[in-house]
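Take a look at the structure set out below.
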Amino acid sequence: MIHPWILTLIFCFATIVAFSQSRHRDNDNSLEGVPFKERIVVGGGLGLQFGSQIDVISVSPMIGYKLTQKLMAGSSVTYRYTKYKYFNPSIKLTDYGVSPFVRYTIFNGIFLQAEYEHLSYEFPESATTTTRKGYNSFMAGGGFVQPIGNKAAFYLLALYNFSYQSVNPGEYSPYPNPLILRGGITFGF
């Protein structure tokens, strides 16, 4: 398996190469003269799940910087609170992580995205004990951005987790399968 730091270096190098190639190939893609503030994109996602056995609240703010009209690099932070109610008393867990990403728009709001995620994941070992593990994932996929105003947009994203490993019964993983679906809102200033 490739070490996470090597994946991060490859990821950063690919961003720089894509940026420099797009800059020289395509002048209408340039953001030359556009103020720094107008290149910043913020947003993120919010997840809520309430049920008889489990409650989950997830918050994922994101910030990005437009390198060109088509290429954006940024990072998101994830915080997830989980309450397992099938234990008595219930168990409350927290997960947190960071995900640098690069996004390239290929046509009218359709984009490709690659990201590296480090997630500190807490899971129950028994009714009274929990364990925390770090998970590193390299994910890539595509999505769609739909403007919902002058500076805001809604996005849907499907990523494939290339680092996914299936777990045996009784084991826990932050992802039940390698496909990850996300949605949210972004704001460009």
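Chains: A, B, ... in order of the structure tokens. Residues: from 1 per chain. Ligands: from 1, in order shown.
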So which bits of chain A end up alpha helix (DSSP H) when you DSSP the backbone, as JSON, numbers by chain?
{"A": [4, 5, 6, 7, 8, 9, 10, 11, 12, 13, 14, 15, 16, 17, 18, 19, 20, 21, 22, 23, 24, 25, 36, 37, 38, 39]}
Please list as a CSV table (one decimal) with C-alpha atoms, in the first residue's frame every residue within 6 Å of Leu159 in chain A, counting only C-alpha atoms and excluding residues in the same chain fewer than 5 positions away.
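around.csv was written with the following content:
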```csv
chain,number,residue,atom,x,y,z
A,139,MET,CA,-10.8,9.2,-3.4
A,140,ALA,CA,-11.6,10.4,-6.9
A,141,GLY,CA,-14.8,10.9,-8.9
A,179,LEU,CA,-18.8,4.6,-3.0
A,180,ILE,CA,-19.2,8.0,-1.3
```
Considering only C-alpha atoms, state which residue in the set A:Thr82, A:Asn136, A:Ser75, A:Thr94 is at the smallest distance from Phe50 in chain A.
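Using only C-alpha atoms, the shortest distance to Phe50 in chain A belongs to A:Thr82.
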Name the residues in contact with Phe187 in chain A at a cut-off of 8 Å, using only C-alpha atoms, excluding same-chain residues fewer than 3 positions from it; report them as a ChimeraX atom specification.
/A:41-43,151-153
When DSSP is applied to the backbone of this structure, which of range 153-186 of chain A are assigned strand (DSSP E or B)? Write them out as an NGL selection string.
:A and (153-161 or 179-186)
Would you put the residues from that selection into a file with N, CA and C atoms, as an mmCIF file, in the first residue's frame?
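Printed below is out05.cif as written:
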```cif
data_model
loop_
_atom_site.group_PDB
_atom_site.id
_atom_site.type_symbol
_atom_site.label_atom_id
_atom_site.label_comp_id
_atom_site.auth_asym_id
_atom_site.auth_seq_id
_atom_site.Cartn_x
_atom_site.Cartn_y
_atom_site.Cartn_z
ATOM 1 N N ALA A 153 -24.115 28.097 -5.228
ATOM 2 C CA ALA A 153 -24.357 26.935 -6.075
ATOM 3 C C ALA A 153 -24.598 25.707 -5.197
ATOM 4 N N PHE A 154 -25.364 24.769 -5.721
ATOM 5 C CA PHE A 154 -25.609 23.472 -5.097
ATOM 6 C C PHE A 154 -24.752 22.453 -5.836
ATOM 7 N N TYR A 155 -24.130 21.524 -5.091
ATOM 8 C CA TYR A 155 -23.319 20.507 -5.763
ATOM 9 C C TYR A 155 -23.696 19.112 -5.306
ATOM 10 N N LEU A 156 -23.517 18.160 -6.205
ATOM 11 C CA LEU A 156 -23.618 16.726 -5.923
ATOM 12 C C LEU A 156 -22.299 16.108 -6.365
ATOM 13 N N LEU A 157 -21.805 15.171 -5.584
ATOM 14 C CA LEU A 157 -20.493 14.587 -5.826
ATOM 15 C C LEU A 157 -20.524 13.096 -5.514
ATOM 16 N N ALA A 158 -19.969 12.297 -6.407
ATOM 17 C CA ALA A 158 -19.805 10.858 -6.181
ATOM 18 C C ALA A 158 -18.317 10.543 -6.276
ATOM 19 N N LEU A 159 -17.771 9.955 -5.219
ATOM 20 C CA LEU A 159 -16.356 9.608 -5.176
ATOM 21 C C LEU A 159 -16.200 8.105 -4.974
ATOM 22 N N TYR A 160 -15.140 7.562 -5.522
ATOM 23 C CA TYR A 160 -14.785 6.173 -5.274
ATOM 24 C C TYR A 160 -13.566 6.167 -4.360
ATOM 25 N N ASN A 161 -13.645 5.423 -3.263
ATOM 26 C CA ASN A 161 -12.556 5.333 -2.294
ATOM 27 C C ASN A 161 -11.612 4.201 -2.721
ATOM 28 N N LEU A 179 -18.115 3.519 -2.376
ATOM 29 C CA LEU A 179 -18.784 4.641 -3.029
ATOM 30 C C LEU A 179 -19.232 5.660 -1.988
ATOM 31 N N ILE A 180 -18.849 6.924 -2.185
ATOM 32 C CA ILE A 180 -19.185 7.999 -1.259
ATOM 33 C C ILE A 180 -19.983 9.046 -2.021
ATOM 34 N N LEU A 181 -21.166 9.374 -1.531
ATOM 35 C CA LEU A 181 -22.018 10.384 -2.151
ATOM 36 C C LEU A 181 -22.099 11.593 -1.232
ATOM 37 N N ARG A 182 -21.963 12.782 -1.806
ATOM 38 C CA ARG A 182 -22.023 14.018 -1.037
ATOM 39 C C ARG A 182 -22.856 15.055 -1.779
ATOM 40 N N GLY A 183 -23.345 15.987 -1.034
ATOM 41 C CA GLY A 183 -24.041 17.133 -1.598
ATOM 42 C C GLY A 183 -23.872 18.303 -0.674
ATOM 43 N N GLY A 184 -24.019 19.510 -1.200
ATOM 44 C CA GLY A 184 -23.890 20.690 -0.353
ATOM 45 C C GLY A 184 -24.042 21.965 -1.135
ATOM 46 N N ILE A 185 -23.699 23.056 -0.493
ATOM 47 C CA ILE A 185 -23.820 24.383 -1.091
ATOM 48 C C ILE A 185 -22.467 25.074 -0.995
ATOM 49 N N THR A 186 -22.116 25.820 -2.044
ATOM 50 C CA THR A 186 -20.889 26.617 -2.035
ATOM 51 C C THR A 186 -21.228 28.073 -2.335
#
```
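Ranking A:Val98, A:Ala73, A:Leu112, A:Leu31 by their shortest atom-to-atom distance to Ser60 in chain A, with only C-alpha atoms included, puts A:Val98 first.
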Residue neighbourhood Lys92 in chain A, 8 Å, only C-alpha atoms, exclusion window fewer than 5 positions, as a list in words
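Final neighbour list, sorted by chain and number: Tyr81, Thr82, Lys83 and Tyr84 of chain A.
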Taking N, CA and C atoms for each residue, export the selection above as a PDB file, in the first residue's frame.
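Ended up saving to again.pdb:
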```pdb
ATOM      1  N   TYR A  81     -20.731  13.451  14.745  1.00  0.00           N
ATOM      2  CA  TYR A  81     -21.176  12.971  16.063  1.00  0.00           C
ATOM      3  C   TYR A  81     -22.124  11.801  15.818  1.00  0.00           C
ATOM      4  N   THR A  82     -21.867  10.684  16.489  1.00  0.00           N
ATOM      5  CA  THR A  82     -22.706   9.492  16.340  1.00  0.00           C
ATOM      6  C   THR A  82     -23.141   9.018  17.709  1.00  0.00           C
ATOM      7  N   LYS A  83     -24.412   8.693  17.813  1.00  0.00           N
ATOM      8  CA  LYS A  83     -24.970   8.157  19.058  1.00  0.00           C
ATOM      9  C   LYS A  83     -25.581   6.794  18.750  1.00  0.00           C
ATOM     10  N   TYR A  84     -24.948   5.745  19.310  1.00  0.00           N
ATOM     11  CA  TYR A  84     -25.468   4.386  19.162  1.00  0.00           C
ATOM     12  C   TYR A  84     -26.454   4.123  20.293  1.00  0.00           C
TER      13      TYR A  84
END
```
Pick from A:Lys70, A:Leu93, A:Ser163, A:Phe144: nearest to Glu115 in chain A, with only C-alpha atoms counted?
A:Ser163
Which value, in Å to one decimal, gives the distance between CA of Thr105 in chain A and CA of Gln146 in chain A?
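So the answer is 12.3 Å.
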For range 65-69 of chain A, please output as a PDB file with C-alpha atoms, in the first residue's frame all residues within 6 Å (counting only C-alpha atoms; exclusion window: fewer than 5 positions along the same chain).
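New file part.pdb:
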```
ATOM      1  CA  ASN A  29      -9.331  30.042 -18.483  1.00  0.00           C
ATOM      2  CA  SER A  30      -7.067  32.619 -16.807  1.00  0.00           C
ATOM      3  CA  LEU A  31      -8.067  34.543 -13.704  1.00  0.00           C
ATOM      4  CA  ARG A  39     -11.165  33.516  -6.169  1.00  0.00           C
ATOM      5  CA  ILE A  40     -12.180  32.143  -2.738  1.00  0.00           C
ATOM      6  CA  GLY A  74      -8.884  23.482  -1.351  1.00  0.00           C
TER       7      GLY A  74
END
```
